[in-house]
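Student: Dropping the structure in here first, questions after.
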Amino acid sequence: MARFIPLKSMILFFGLMFISSTAWADKVYVAVAANFTAPAKEIAEAFEQETGHQAVLSFGSTGKLYIQIINGAPYGVFLAADAARPERLEQEGVAVLGSRFTYAKGKIVLYSRDDDLIQGSPDVLGQEAAFQKLAIANPKTAPYGFAAIETLKHLSVYEQNKDKLVKGDNIAQAYQFVFTQNAQVGFVALSQVINEAKGSRWIVPQDFYSPIRQQAVLLKQDADNPAAQAFVTFLSADGARAIIKRFGYGN
């Protein structure tokens, strides 16, 4: 003989099931260097699908994100474009000691939307009338901008180009200057143009600038957050590594 479960009992049963299935899902706020925007979005989506946790991403220059963090911004994980700021956060007692690691090695590229302007070499930088504006990220707050200055000096063309420089707050803005052709050329992250069919480019040899070792660190205020812990672990997993490599970063 069939037994019927009262409606109230069924609602309570399924309600408890829902609570138990979501109790392990948490949220982590992640500060991400602007160069890593596209891969970070893919990684966050894969992270949620695999773990159920949600990573809420905020993008900006490494320098500005660092300032936000030391002023109490509610981030749980910091994906910087350098090693200096995460190390400083450890020294200042803001980050969890031992959690810092290199998640990617950045590369810069000289890029133009003009298909013919850059012929696979930096020669255009020595031609006075070839362009009027050269976009870079702010070298004071963005490691990619500092790398651009190092490259210009390595090529001995800094002095003749310094008055043409247009500085974005971060590498994303530098790329926008070039994409909208407000600057004819610019130093951008390889990850920003690796899938771009239009334009011309020259990938800068990595010995022209200081290594861009992009490091991640777990922040103390979220040290006990399962989502923050899981995100740091996920960033080193094979799935995330494959995404990072696909966007042109070194390991």
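Lettering and numbering for the structure tokens are positional, with chains as A, B, ... in the shown order, residues counted from 1 in each chain, and ligands counted from 1 in the shown order.
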Can you tell me which residues surround segment 94-97 of chain A at a distance of at most 9 Å, considering only C-alpha atoms, apart from same-chain residues fewer than 4 positions away, and format the answer as a VMD selection string?
Tutor: chain A and resid 69 to 70 77 86 to 90 217 to 221 223
Student: Just the residues within 12 Å of Ala46 of chain A, please, counting only C-alpha atoms, with nothing from its chain fewer than 3 positions along; format it as a compact mmCIF listing (two decimals) with C-alpha atoms, in the first residue's frame.
Tutor:
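Below is the file that was written, around_24.txt:
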# COMPACT_ATOMS: atom_id res chain seq x y z
CA PRO A 39 42.32 34.29 -19.30
CA ALA A 40 41.03 35.21 -15.83
CA LYS A 41 37.45 35.27 -17.13
CA GLU A 42 37.86 31.81 -18.64
CA ILE A 43 39.51 30.47 -15.51
CA GLN A 49 31.82 24.79 -13.10
CA GLU A 50 34.28 22.47 -11.36
CA THR A 51 33.99 23.61 -7.73
CA GLY A 52 30.66 25.41 -7.41
CA HIS A 53 32.47 28.39 -5.91
CA GLN A 54 32.21 31.81 -7.54
CA ALA A 55 35.18 34.06 -8.31
CA PHE A 231 40.81 29.34 -6.31
CA PHE A 234 42.72 25.75 -9.08
CA LEU A 235 45.08 28.33 -10.59
CA ALA A 237 45.79 22.90 -11.87
CA ASP A 238 46.15 21.54 -15.40
CA GLY A 239 42.94 23.17 -16.68
CA ALA A 240 43.97 26.66 -15.65
CA ARG A 241 47.55 26.10 -16.85
CA ALA A 242 46.23 25.16 -20.30
CA ILE A 243 44.19 28.37 -20.50
Student: Can you pull out every residue within 8 Å of segment 102-109 of chain A, counting only C-alpha atoms, but drop anything in the same chain fewer than 2 positions away, and send it as an MDAnalysis selection string?
Tutor: chainID A and resid 81 83 100 111 144 147:148 187:191 201:204 206 211:216 235:236 244 248:251
Student: Based on DSSP run over this structure's backbone, return all residues of segment 14-244 of chain A in strand (DSSP E), as a PyMOL selection string.
Tutor: chain A and resi 27-33+54-60+77-79+101-106+108-112+134-137+165-168+185-189+200-203+212-218
Student: Keeping N, CA and C atoms, export the residues of the selection given above as a short mmCIF file (atom, residue, chain, number, x, y, z; two decimals), in the first residue's frame.
Tutor:
data_model
loop_
_atom_site.label_atom_id
_atom_site.label_comp_id
_atom_site.auth_asym_id
_atom_site.auth_seq_id
_atom_site.Cartn_x
_atom_site.Cartn_y
_atom_site.Cartn_z
N LYS A 27 31.99 32.44 -2.20
CA LYS A 27 32.38 33.46 -3.16
C LYS A 27 33.72 34.05 -2.74
N VAL A 28 34.57 34.33 -3.72
CA VAL A 28 35.85 34.99 -3.46
C VAL A 28 36.00 36.17 -4.41
N TYR A 29 36.44 37.28 -3.88
CA TYR A 29 36.71 38.46 -4.70
C TYR A 29 38.19 38.46 -5.07
N VAL A 30 38.46 38.54 -6.36
CA VAL A 30 39.82 38.39 -6.85
C VAL A 30 40.26 39.68 -7.57
N ALA A 31 41.38 40.25 -7.13
CA ALA A 31 41.97 41.42 -7.79
C ALA A 31 42.92 40.91 -8.87
N VAL A 32 42.69 41.34 -10.11
CA VAL A 32 43.41 40.79 -11.26
C VAL A 32 44.10 41.88 -12.06
N ALA A 33 45.39 41.71 -12.33
CA ALA A 33 46.12 42.64 -13.19
C ALA A 33 45.46 42.68 -14.56
N GLN A 54 32.24 30.70 -6.59
CA GLN A 54 32.21 31.81 -7.54
C GLN A 54 33.39 32.74 -7.30
N ALA A 55 34.09 33.08 -8.37
CA ALA A 55 35.18 34.06 -8.31
C ALA A 55 34.70 35.36 -8.95
N VAL A 56 34.62 36.42 -8.17
CA VAL A 56 34.20 37.73 -8.66
C VAL A 56 35.46 38.54 -8.95
N LEU A 57 35.65 38.91 -10.21
CA LEU A 57 36.90 39.51 -10.66
C LEU A 57 36.82 41.02 -10.74
N SER A 58 37.91 41.69 -10.31
CA SER A 58 38.07 43.13 -10.48
C SER A 58 39.42 43.36 -11.15
N PHE A 59 39.44 44.20 -12.18
CA PHE A 59 40.65 44.39 -12.98
C PHE A 59 41.22 45.80 -12.80
N GLY A 60 42.54 45.89 -12.91
CA GLY A 60 43.19 47.19 -12.81
C GLY A 60 44.70 47.04 -12.89
N VAL A 77 42.05 37.11 -3.03
CA VAL A 77 43.21 36.66 -3.80
C VAL A 77 43.67 37.81 -4.69
N PHE A 78 44.98 37.93 -4.85
CA PHE A 78 45.55 38.98 -5.70
C PHE A 78 46.38 38.31 -6.79
N LEU A 79 46.01 38.56 -8.05
CA LEU A 79 46.78 38.11 -9.20
C LEU A 79 47.49 39.33 -9.77
N PHE A 101 53.02 32.45 -5.35
CA PHE A 101 53.65 31.65 -6.41
C PHE A 101 53.47 32.33 -7.75
N THR A 102 54.31 31.97 -8.71
CA THR A 102 54.23 32.52 -10.06
C THR A 102 53.21 31.73 -10.87
N TYR A 103 52.17 32.41 -11.33
CA TYR A 103 51.13 31.73 -12.10
C TYR A 103 51.31 31.93 -13.60
N ALA A 104 52.10 32.93 -14.00
CA ALA A 104 52.33 33.20 -15.43
C ALA A 104 53.56 34.08 -15.60
N LYS A 105 54.17 33.99 -16.76
CA LYS A 105 55.27 34.88 -17.12
C LYS A 105 54.83 35.69 -18.34
N GLY A 106 54.72 37.00 -18.14
CA GLY A 106 54.17 37.86 -19.17
C GLY A 106 55.14 38.18 -20.29
N ILE A 108 55.58 41.03 -23.74
CA ILE A 108 55.07 42.23 -24.38
C ILE A 108 55.30 42.16 -25.89
N VAL A 109 54.48 42.93 -26.59
CA VAL A 109 54.55 42.95 -28.05
C VAL A 109 54.30 44.38 -28.52
N LEU A 110 55.03 44.79 -29.55
CA LEU A 110 54.77 46.08 -30.21
C LEU A 110 53.68 45.81 -31.25
N TYR A 111 52.58 46.56 -31.16
CA TYR A 111 51.41 46.23 -31.96
C TYR A 111 50.82 47.47 -32.61
N SER A 112 50.28 47.28 -33.81
CA SER A 112 49.56 48.34 -34.53
C SER A 112 48.37 47.73 -35.24
N LEU A 134 52.69 56.69 -29.32
CA LEU A 134 53.10 55.35 -28.90
C LEU A 134 52.48 55.08 -27.54
N ALA A 135 51.57 54.12 -27.49
CA ALA A 135 50.85 53.82 -26.24
C ALA A 135 51.62 52.82 -25.39
N ILE A 136 51.67 53.10 -24.09
CA ILE A 136 52.20 52.16 -23.11
C ILE A 136 51.36 52.26 -21.84
N ALA A 137 51.47 51.27 -20.98
CA ALA A 137 50.85 51.38 -19.66
C ALA A 137 51.74 52.25 -18.77
N LEU A 165 54.92 59.33 -26.22
CA LEU A 165 54.30 58.36 -25.33
C LEU A 165 52.93 58.80 -24.85
N VAL A 166 51.98 57.89 -24.92
CA VAL A 166 50.64 58.08 -24.36
C VAL A 166 50.47 56.97 -23.33
N LYS A 167 50.27 57.35 -22.07
CA LYS A 167 50.28 56.37 -20.99
C LYS A 167 48.86 56.06 -20.49
N GLY A 168 48.51 54.78 -20.56
CA GLY A 168 47.24 54.35 -20.00
C GLY A 168 47.40 54.02 -18.53
N VAL A 185 50.74 53.02 -32.69
CA VAL A 185 51.45 51.82 -32.22
C VAL A 185 51.42 51.79 -30.70
N GLY A 186 51.73 50.65 -30.14
CA GLY A 186 51.78 50.57 -28.68
C GLY A 186 52.42 49.27 -28.21
N PHE A 187 52.95 49.32 -27.01
CA PHE A 187 53.43 48.11 -26.36
C PHE A 187 52.29 47.56 -25.51
N VAL A 188 51.83 46.36 -25.86
CA VAL A 188 50.72 45.73 -25.14
C VAL A 188 51.14 44.32 -24.72
N ALA A 189 50.27 43.67 -23.98
CA ALA A 189 50.53 42.29 -23.58
C ALA A 189 50.25 41.36 -24.75
N SER A 200 49.58 44.46 -37.29
CA SER A 200 50.95 43.96 -37.42
C SER A 200 51.62 44.04 -36.07
N ARG A 201 52.67 43.24 -35.86
CA ARG A 201 53.26 43.14 -34.52
C ARG A 201 54.71 42.71 -34.57
N TRP A 202 55.37 42.94 -33.46
CA TRP A 202 56.71 42.41 -33.22
C TRP A 202 56.76 41.97 -31.77
N ILE A 203 56.98 40.66 -31.56
CA ILE A 203 57.08 40.14 -30.20
C ILE A 203 58.46 40.46 -29.66
N ILE A 212 58.80 39.42 -16.42
CA ILE A 212 57.50 39.77 -15.85
C ILE A 212 56.95 38.51 -15.18
N ARG A 213 57.36 38.28 -13.95
CA ARG A 213 56.89 37.12 -13.20
C ARG A 213 55.61 37.52 -12.46
N GLN A 214 54.50 37.06 -12.98
CA GLN A 214 53.21 37.42 -12.41
C GLN A 214 52.87 36.47 -11.27
N GLN A 215 52.75 37.02 -10.07
CA GLN A 215 52.55 36.17 -8.91
C GLN A 215 51.17 36.36 -8.29
N ALA A 216 50.67 35.27 -7.74
CA ALA A 216 49.39 35.27 -7.02
C ALA A 216 49.68 35.09 -5.54
N VAL A 217 48.77 35.60 -4.73
CA VAL A 217 48.92 35.44 -3.28
C VAL A 217 47.55 35.42 -2.63
N LEU A 218 47.41 34.61 -1.60
CA LEU A 218 46.19 34.55 -0.80
C LEU A 218 46.27 35.62 0.28
#
Student: Rounded to one decimal, what separation in Å do you get between atom CA of Ala129 of chain A and atom CA of Asp169 of chain A?
Tutor: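 Separation of atom CA of Ala129 of chain A and atom CA of Asp169 of chain A: 26.3 Å.
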Student: Can you list, as a list of chain:residue names, every protein, DNA or RNA residue that comes within 8 Å of Thr62 of chain A when you count only C-alpha atoms, leaving out same-chain residues fewer than 4 positions away?
Tutor: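 So the residues in contact are A:Val32, A:Ala33, A:Ala34, A:Tyr66, A:Ala80, A:Ala81, A:Asp82, A:Arg85, A:Thr141, A:Ala142, A:Pro143.
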Student: A:Ala228, A:Gln119, A:Lys245, A:Asp222: which is nearest Ala73 of chain A, counting only C-alpha atoms?
Tutor: A:Asp222
Student: Please provide as a PyMOL selection string all residues within 10 Å of segment 157-159 of chain A, with the sequence filter that same-chain residues fewer than 3 positions apart are discarded (counting only C-alpha atoms).
Tutor: chain A and resi 122-123+125-127+148-154+162-165
